[in-house]
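J.: Sharing a structure here in structure tokens format.
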Amino acid sequence: MQDQDHADRKIDIDDSSSRFELAALSRTRTNRSDAFVNIRSRSGARRLSTATYRADVEDEDPKLRTAGDYREAQVFSGWSLMKLSFQSLGVIYGDIGTSPLYVFSSTFAGPPTKQDLIGVLSLVLWSLILMVTIKYVVIVLHADNDGEGGTFSTYSLLSRYMNITNRDPREASLVQMKRFATGDLESSGRYLRRGIEASKFVKILLQVIGIFAVTMVLADGLLTPAQSVLGAIQGIEVAAPSISKSTIIGVTDAILILLYLIQPFGISKISVVFAPIIALWLGFNAVFGIYNLAKYDATVFKAFYPYYAFEYLIRNKEQGWRHLGGVLLAFTGVEALFADLGAFSRRAIQISWLGYVFPCLLITYIGQAAFISDHPEAYSNPFFNAAPPGTLYPALVLAILAAVVASQAIITASFQLLAQVMKLSYFPQLKVIHTSKVHHGQLYVPMANWLLMIGTVLVASIYNNTTSLGNAYGVCVMFVTFFDTLMVSLVAIFVWRFSPLLVAVPWLLFACLDGAFLSSALTKVPDGAWFTLTLAAVLACVFLLWRFGKEQQWKAEAEDRYPTSHFIAKSPNGDLRLSDAHHGIPLTNVRGLGIFFDKAGETTPIVFSQFITKLTCLPEVMVFFHLRALDRPTVSSEERYTVSRLAIPNCYRIVVRYGFNDEAITPDLGLIVYNEVRTFIMAQEHSPSEGLSRYKPSTVVDQTIQEAPQEVGSSGQRVSGTTVIPSDVSLLDRAFAHKVLFITGKEQMKIRAKSNWVRSCLLWAFLWIRDNTRNRIANLRLPADGIIEVGFLKEI
């Protein structure tokens with residue numbers, strides 16, 4: 001039992017920081033004798049000037065991790081919540097809301113009998129009740145990752161509560177770990193968690209499931225717009241039977257291109273137009289349904305009795321099971337409902353679904369069934385055939401508009417999911433634009449938008465009818481819903497802390513439903529579903545390849561993730577030198593202010609270690625410049641900069657927090673850094689006890705602080721006597737006046753010799769993608785004459 005508790009404690013440690021950070025920490029403990037310890041100080045602020053440098057002083061690194069750095073779910077109420085609920089109509093429900101255009105035509109191969117019609121209607125109604133309302137709206141939407149939705153966000157949520165993945169050491173400060181202690185879990189949950197964390201196979205399986213769920217939604221992103229728009233345009237055949245197929249395809253492609261061209265406007269602006277369209281569309285459908293119920297066969301209401309659904313499946317046996325592939329089209333788009341959670345909110349989605357969309361869809365399907373009951377041949381185009389007299393042309397126009405809007409749900413979901421996979425290092429960084437200052441999760445990814453446009457137009461032109469598209473469409477949806485069932489069940493156990501025995505009952509119910517629909521959809525693989533599965537598999541391979549390469553990169557970079565004590569030591573005469581591990585070469589000083597860039601980390605920048613070990617010199621004043629992007633529009637000037645002093649003389653750390661509407665790197669960056677560091681030094685000189693407190697940024701202070709008379713050596717360090725040395729402020733002023741150097745790293749990688757051919761091929765592909773997608777130093781808005789790019793080579 002003690003061994004088990006010890007193992008749990010070890011896993012708790014592993015979960016709070018990556019294995020690479022732990023390795024660096026253990027190395028720090030074995031290298032404390034060389035005087036510099038680059039860890040966060042726990043003993044409060046300590047004043048450290050050149051003159052008072054001591055071997056036992058630790059770095060001052062306040063506020064490296066603050067609660068405000070972590071993403072939090074936005075909460076809306078009152079009018080804002082109602083407005084958001086209405087806007088969600090135009091984004092989330094277009095897909096599931098236009099399903100009445102093709103559900104019955106995709107399910108039946110010929111005019112149905114009354115008994116079969118009631119059975120299929122019962123399946124449709126209970127699918128909406130169980131699969132959408134209970135499973136997603138009531139349960140799954142609660143499994144958000146600080147407001148983000150989708151299967152991959154659920155995997156990310158699990159990784160914060162379980163030790164199932166590695167993380168980029170540079171981004172550890174942006175991830176808030178919340179693992180529960182062993183004793184806080186149910187006994188069965190405790191053993192289950194231990195088993196999952198100890199199994200490499202299970203951890204890889206969860207990773208693959210999360211990635212496949214993303215790629216299948218992206219694959220659906222090509223099909224949904226084509227399916228929806230083409231389904232609406234085909235309705236023209238009702239009014240003009242002589243219209244050619246080429247005309248239908250041409251109009252469909254034109255509408256699709258227009259749809260993608262408006263995406264840069266952003267979700268809020270698009271929903272101003274789209275939400276009223278979907279609201280009217282659903283209202284029209286509900287009115288048509290009421291009219292047909294009143295005029296034709298109202299006995300179809302008995303389909304609410306689930307007996308008819310089971311009776312249909314039992315009576316039709318294999319054929320009934322195959323028809324489930326058409327029935328599931330009634331709730332396609334439910335995966336986007338979860339993935340689009342970050343663009344709206346849980347409460348907004350619940351209000352809009354339960355308060356408007358759900359009742360309208362129920363009445364729509366019941367009304368269509370009432371009409372088909374008296375006109376069995378109308379199954380082939382139920383919406384237009386069942387339209388009341390005189391409403392055909394208005395219905396046609398509205399259907400086309402609604403079908404265009406229907407595509408928005410999956411497009412928005414694609415942007416959301418791509419942002420998530422990029423954040424967790426499964427894909428190269430693409431440009432992401434936040435389109436709203438109010439709703440932080442509303443995103444636009446330009447590159448993805450144009451690729452989706454090209455792919456969707458090609459798919460619509462090749463498949464050219466909704467039946468073929470429907471065959472390709474449903475499989476991915478069911479895979480995603482099945483993955484959601486699995487992931488949310490794990491969340492219930494390890495995040496919500498329910499007993500696994502309690503979770504097993506609803507899991508079994510929904511797994512059986514998912515399995516029935518999925519198995520039926522898989523029969524359509526030869527008829528078109530092979531395309532989406534193949535596309536999803538290719539995308540998954542790209543994501544996993546990139547992740548594999550990034551993890552190898554992190555391992556190669558780990559040797560530079562040491563604290564500064566690993567690289568720099570103090571000679572007996574007080575001068576600085578490289579550590580014994582780097583041959584103990586004396587370090588010389590060069591004039592100027594050196595700013596060493598680091599993307600997001602909080603330890604020694606890699607470029608710094610490469611600079612000093614290769615050039616064996618130090619700028620007379622150094623600043624480690626760390627960028628920290630936060631999930632909010634802007635960061636106030638009072639909390640944007642955090643400055644701390646490191647154990648190396650005249651070395652500082654500045655953490656720059658910025659929002660997605662802020663510009664972190666500007667041409668006057670050198671002056672900004674100088675002002676912030678100078679203000680920090682002045683504050684410490686005057687009030688040493690407040691060194692860790694938050695200070696207010698200020699303009700350049702003209703006065704300088706003179707130290708008490710001391711004697712200094714050639715390096716500017718104190719020895720003895722009465723010689724006056726420059727204060728830290730004076731040294732900073734002199735360095736800034738001489739030259740500001742922006743020192744960045746250009747890391748090249750090569751495959752380690754003697755790697756097996758499989759690993760070599762994978763790494764070659766990763767390096768090719770990396771070299772063709774990485775940002776270039778020329779893109780930074782910095783003075784060209786002050787940039788130094790340090791190139792270095794790493795083996796992976």
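Identifiers in the structure tokens: chain A, B, ... in order shown; residue index from 1 per chain; ligand index from 1 in order shown.
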According to DSSP computed on the backbone, where in segment 443-644 of chain A is there strand (DSSP E or B)? Give the residues as a PyMOL selection string.

T.: chain A and resi 443-444+568-570+576-578+586+588-598+617-629+641-644

J.: Quick one: write out the picked residues with N, CA and C atoms as a short mmCIF file (atom, residue, chain, number, x, y, z; two decimals), in the first residue's frame?

T.:
data_model
loop_
_atom_site.label_atom_id
_atom_site.label_comp_id
_atom_site.auth_asym_id
_atom_site.auth_seq_id
_atom_site.Cartn_x
_atom_site.Cartn_y
_atom_site.Cartn_z
N LEU A 443 -13.14 32.86 -33.61
CA LEU A 443 -11.87 32.84 -34.32
C LEU A 443 -12.08 32.76 -35.83
N TYR A 444 -11.01 33.13 -36.53
CA TYR A 444 -10.97 32.99 -37.98
C TYR A 444 -9.54 32.61 -38.36
N ILE A 568 27.16 29.11 -16.15
CA ILE A 568 28.05 30.16 -15.65
C ILE A 568 28.46 29.86 -14.22
N ALA A 569 29.74 30.08 -13.93
CA ALA A 569 30.28 29.91 -12.59
C ALA A 569 31.12 31.13 -12.24
N LYS A 570 31.55 31.18 -11.01
CA LYS A 570 32.34 32.31 -10.53
C LYS A 570 33.76 31.86 -10.24
N LEU A 576 33.48 36.12 -13.90
CA LEU A 576 32.57 35.08 -14.37
C LEU A 576 33.24 34.24 -15.45
N ARG A 577 32.89 32.98 -15.47
CA ARG A 577 33.43 32.06 -16.46
C ARG A 577 32.36 31.04 -16.80
N LEU A 578 32.60 30.28 -17.88
CA LEU A 578 31.73 29.15 -18.16
C LEU A 578 31.93 28.08 -17.10
N PRO A 586 36.93 31.74 -19.40
CA PRO A 586 36.53 33.05 -18.86
C PRO A 586 35.60 33.79 -19.82
N THR A 588 34.07 37.33 -21.26
CA THR A 588 34.37 38.75 -21.40
C THR A 588 33.07 39.53 -21.55
N ASN A 589 33.16 40.83 -21.31
CA ASN A 589 31.99 41.70 -21.44
C ASN A 589 32.04 42.47 -22.75
N VAL A 590 30.89 42.62 -23.39
CA VAL A 590 30.77 43.49 -24.55
C VAL A 590 29.77 44.58 -24.21
N ARG A 591 29.99 45.77 -24.73
CA ARG A 591 29.15 46.90 -24.39
C ARG A 591 27.77 46.76 -25.04
N GLY A 592 26.80 47.30 -24.38
CA GLY A 592 25.46 47.32 -24.93
C GLY A 592 24.44 46.59 -24.06
N LEU A 593 23.18 46.75 -24.42
CA LEU A 593 22.06 46.08 -23.76
C LEU A 593 21.62 44.92 -24.64
N GLY A 594 21.77 43.70 -24.16
CA GLY A 594 21.40 42.51 -24.92
C GLY A 594 20.05 41.97 -24.49
N ILE A 595 19.11 41.89 -25.42
CA ILE A 595 17.77 41.37 -25.14
C ILE A 595 17.66 40.00 -25.81
N PHE A 596 17.55 38.96 -24.99
CA PHE A 596 17.50 37.58 -25.48
C PHE A 596 16.03 37.15 -25.56
N PHE A 597 15.59 36.77 -26.74
CA PHE A 597 14.19 36.44 -26.97
C PHE A 597 13.90 34.99 -26.58
N ASP A 598 12.72 34.79 -26.00
CA ASP A 598 12.22 33.45 -25.70
C ASP A 598 10.72 33.47 -25.93
N CYS A 617 31.12 35.39 -24.24
CA CYS A 617 31.05 36.79 -23.82
C CYS A 617 29.63 37.09 -23.37
N LEU A 618 29.50 38.19 -22.63
CA LEU A 618 28.20 38.61 -22.12
C LEU A 618 28.02 40.09 -22.39
N PRO A 619 26.85 40.52 -22.84
CA PRO A 619 26.57 41.96 -22.87
C PRO A 619 26.64 42.52 -21.45
N GLU A 620 26.99 43.77 -21.33
CA GLU A 620 27.17 44.31 -19.98
C GLU A 620 25.86 44.38 -19.21
N VAL A 621 24.73 44.48 -19.91
CA VAL A 621 23.42 44.34 -19.28
C VAL A 621 22.60 43.39 -20.14
N MET A 622 21.93 42.42 -19.51
CA MET A 622 21.18 41.39 -20.24
C MET A 622 19.74 41.35 -19.77
N VAL A 623 18.84 41.10 -20.69
CA VAL A 623 17.42 40.95 -20.38
C VAL A 623 16.90 39.70 -21.08
N PHE A 624 16.29 38.79 -20.30
CA PHE A 624 15.60 37.65 -20.88
C PHE A 624 14.17 38.10 -21.18
N PHE A 625 13.81 38.07 -22.45
CA PHE A 625 12.53 38.62 -22.91
C PHE A 625 11.58 37.47 -23.22
N HIS A 626 10.57 37.30 -22.36
CA HIS A 626 9.62 36.20 -22.50
C HIS A 626 8.26 36.75 -22.94
N LEU A 627 7.69 36.17 -23.97
CA LEU A 627 6.36 36.55 -24.44
C LEU A 627 5.33 35.58 -23.89
N ARG A 628 4.23 36.11 -23.42
CA ARG A 628 3.16 35.26 -22.89
C ARG A 628 1.82 35.74 -23.42
N ALA A 629 1.30 35.01 -24.41
CA ALA A 629 0.02 35.37 -25.02
C ALA A 629 -1.13 34.89 -24.14
N TYR A 641 3.78 44.10 -17.96
CA TYR A 641 5.20 43.79 -17.79
C TYR A 641 5.49 43.36 -16.36
N THR A 642 6.24 42.28 -16.22
CA THR A 642 6.75 41.85 -14.93
C THR A 642 8.26 41.71 -15.05
N VAL A 643 8.99 42.44 -14.21
CA VAL A 643 10.44 42.44 -14.26
C VAL A 643 10.98 41.81 -12.99
N SER A 644 12.03 41.02 -13.13
CA SER A 644 12.70 40.43 -11.97
C SER A 644 14.19 40.40 -12.23
#

J.: Just the number, please: distance in Å from atom CA of Gly195 of chain A to atom CA of Val505 of chain A, one decimal.

T.: 21.1 Å

J.: Write out as a list of chain:residue names the residues lying within 7 Å of segment 294-301 of chain A, counting only C-alpha atoms and excluding same-chain residues fewer than 5 positions away.

T.: A:Ile118, A:Ile366, A:Ala369, A:Ala370, A:Phe371, A:Ser373, A:Asp374

J.: Save the residues we just selected, C-alpha atoms, as a short mmCIF file (atom, residue, chain, number, x, y, z; two decimals), in the first residue's frame?

T.:
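out_1.cif written:
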data_model
loop_
_atom_site.label_atom_id
_atom_site.label_comp_id
_atom_site.auth_asym_id
_atom_site.auth_seq_id
_atom_site.Cartn_x
_atom_site.Cartn_y
_atom_site.Cartn_z
CA ILE A 118 -44.19 5.73 -38.33
CA ILE A 366 -44.04 15.16 -37.60
CA ALA A 369 -44.61 12.47 -41.95
CA ALA A 370 -48.26 13.53 -41.88
CA PHE A 371 -48.01 14.68 -45.51
CA SER A 373 -48.63 9.40 -44.97
CA ASP A 374 -51.18 10.58 -47.53
#

J.: Skipping near chain neighbours, those fewer than 4 positions away, what residues fall within 7 Å of Glu148 of chain A using only C-alpha atoms, listed as a PyMOL selection string?

T.: chain A and resi 144+153+341-342

J.: Could you check how far atom CA of Trp281 of chain A sits from atom CA of His439 of chain A, in Å to one decimal?

T.: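 Pair atom CA of Trp281 of chain A / atom CA of His439 of chain A returns 25.8 Å.
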
J.: Enumerate as a PyMOL selection string all residues of segment 103-250 of chain A assigned to helix (DSSP H, G or I) by DSSP on the backbone, naming them with the chain letters and numbers the document uses.

T.: chain A and resi 103-107+114-142+151-161+169-174+182-184+187-198+200-233+236-239+245-250

J.: Quick one: of A:Phe274, A:Tyr379, A:Ala504, A:His323, who's nearest to Leu486 of chain A, counting only C-alpha atoms?

T.: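 Checking each of A:Phe274, A:Tyr379, A:Ala504, A:His323 against Leu486 of chain A, counting only C-alpha atoms, the winner is A:Ala504.
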
J.: Which residues, written as a VMD selection string, have at least one atom at most 8 Å from Gln74 of chain A, with only C-alpha atoms counted and residues fewer than 6 positions away on the same chain left out?

T.: chain A and resid 147 345 439 to 440

J.: Which of these residues is nearest to Arg770 of chain A, using only C-alpha atoms: A:Trp546, A:Phe383, A:Phe680, A:Trp757?

T.: A:Trp546

J.: Which is closer to Val334 of chain A than all the others in A:Pro500, A:Gly474, A:Gly574, A:Gly786, using only C-alpha atoms?

T.: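 The answer is A:Gly474, which sits nearest to Val334 of chain A.
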
J.: Could you make a table, as JSON lines, of the residues of segment 350-398 of chain A that have an atom within 9 Å of an atom of segment 83-105 of chain A, each with its nearest atom pair and distance in Å to one decimal, counting only C-alpha atoms, in chain and number order?

T.:
{"residue": "A:Gln350", "atom": "CA", "partner": "A:Ser85", "partner_atom": "CA", "distance": 8.3}
{"residue": "A:Ile351", "atom": "CA", "partner": "A:Ser85", "partner_atom": "CA", "distance": 6.5}
{"residue": "A:Ser352", "atom": "CA", "partner": "A:Ser85", "partner_atom": "CA", "distance": 5.3}
{"residue": "A:Trp353", "atom": "CA", "partner": "A:Tyr93", "partner_atom": "CA", "distance": 8.4}
{"residue": "A:Val357", "atom": "CA", "partner": "A:Gly97", "partner_atom": "CA", "distance": 7.5}
{"residue": "A:Cys360", "atom": "CA", "partner": "A:Gly97", "partner_atom": "CA", "distance": 9.0}
{"residue": "A:Leu361", "atom": "CA", "partner": "A:Gly97", "partner_atom": "CA", "distance": 7.1}
{"residue": "A:Thr364", "atom": "CA", "partner": "A:Pro100", "partner_atom": "CA", "distance": 7.4}
{"residue": "A:Tyr365", "atom": "CA", "partner": "A:Pro100", "partner_atom": "CA", "distance": 6.8}
{"residue": "A:Gln368", "atom": "CA", "partner": "A:Pro100", "partner_atom": "CA", "distance": 8.4}
{"residue": "A:Ala369", "atom": "CA", "partner": "A:Phe104", "partner_atom": "CA", "distance": 8.8}
{"residue": "A:Ala378", "atom": "CA", "partner": "A:Ser105", "partner_atom": "CA", "distance": 8.8}
{"residue": "A:Tyr379", "atom": "CA", "partner": "A:Ser105", "partner_atom": "CA", "distance": 5.5}
{"residue": "A:Ser380", "atom": "CA", "partner": "A:Ser105", "partner_atom": "CA", "distance": 4.6}
{"residue": "A:Asn381", "atom": "CA", "partner": "A:Ser105", "partner_atom": "CA", "distance": 6.4}
{"residue": "A:Pro382", "atom": "CA", "partner": "A:Leu101", "partner_atom": "CA", "distance": 6.8}
{"residue": "A:Phe383", "atom": "CA", "partner": "A:Leu101", "partner_atom": "CA", "distance": 5.7}
{"residue": "A:Phe384", "atom": "CA", "partner": "A:Leu101", "partner_atom": "CA", "distance": 8.2}

J.: Would you list the contacts of Gln748 of chain A as a PyMOL selection string, taking every protein, DNA or RNA residue within 12 Å and counting only C-alpha atoms, but skipping same-chain residues closer than 3 positions in sequence?

T.: chain A and resi 553+556-557+745+751+767-768+770-771+774+790-796

J.: Atom CA of Asn661 of chain A and atom CA of Glu639 of chain A, how far apart in Å?

T.: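 Between these atoms lies a distance of 15.4 Å.
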
J.: Using only C-alpha atoms for the distances, tell me which of A:Phe427, A:Phe180, A:Phe483, A:Phe284 is nearest to Val217 of chain A.

T.: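 Among A:Phe427, A:Phe180, A:Phe483, A:Phe284, it is A:Phe483 that comes nearest to Val217 of chain A.
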
J.: Contacts of Gly266 of chain A at 6 Å or less, counting only C-alpha atoms, minus same-chain residues fewer than 3 places along, as JSON, numbers by chain?

T.: {"A": [263, 269, 435]}

J.: Pull N, CA and C atoms from the residues just selected and write them as an mmCIF file, in the first residue's frame.

T.:
data_model
loop_
_atom_site.group_PDB
_atom_site.id
_atom_site.type_symbol
_atom_site.label_atom_id
_atom_site.label_comp_id
_atom_site.auth_asym_id
_atom_site.auth_seq_id
_atom_site.Cartn_x
_atom_site.Cartn_y
_atom_site.Cartn_z
ATOM 1 N N GLN A 263 -16.229 34.988 -44.585
ATOM 2 C CA GLN A 263 -15.750 34.532 -43.286
ATOM 3 C C GLN A 263 -14.858 35.542 -42.565
ATOM 4 N N LYS A 269 -20.579 39.447 -36.791
ATOM 5 C CA LYS A 269 -21.184 40.160 -37.915
ATOM 6 C C LYS A 269 -21.961 39.218 -38.820
ATOM 7 N N THR A 435 -12.022 37.622 -33.967
ATOM 8 C CA THR A 435 -12.901 38.545 -34.681
ATOM 9 C C THR A 435 -13.818 39.348 -33.770
#
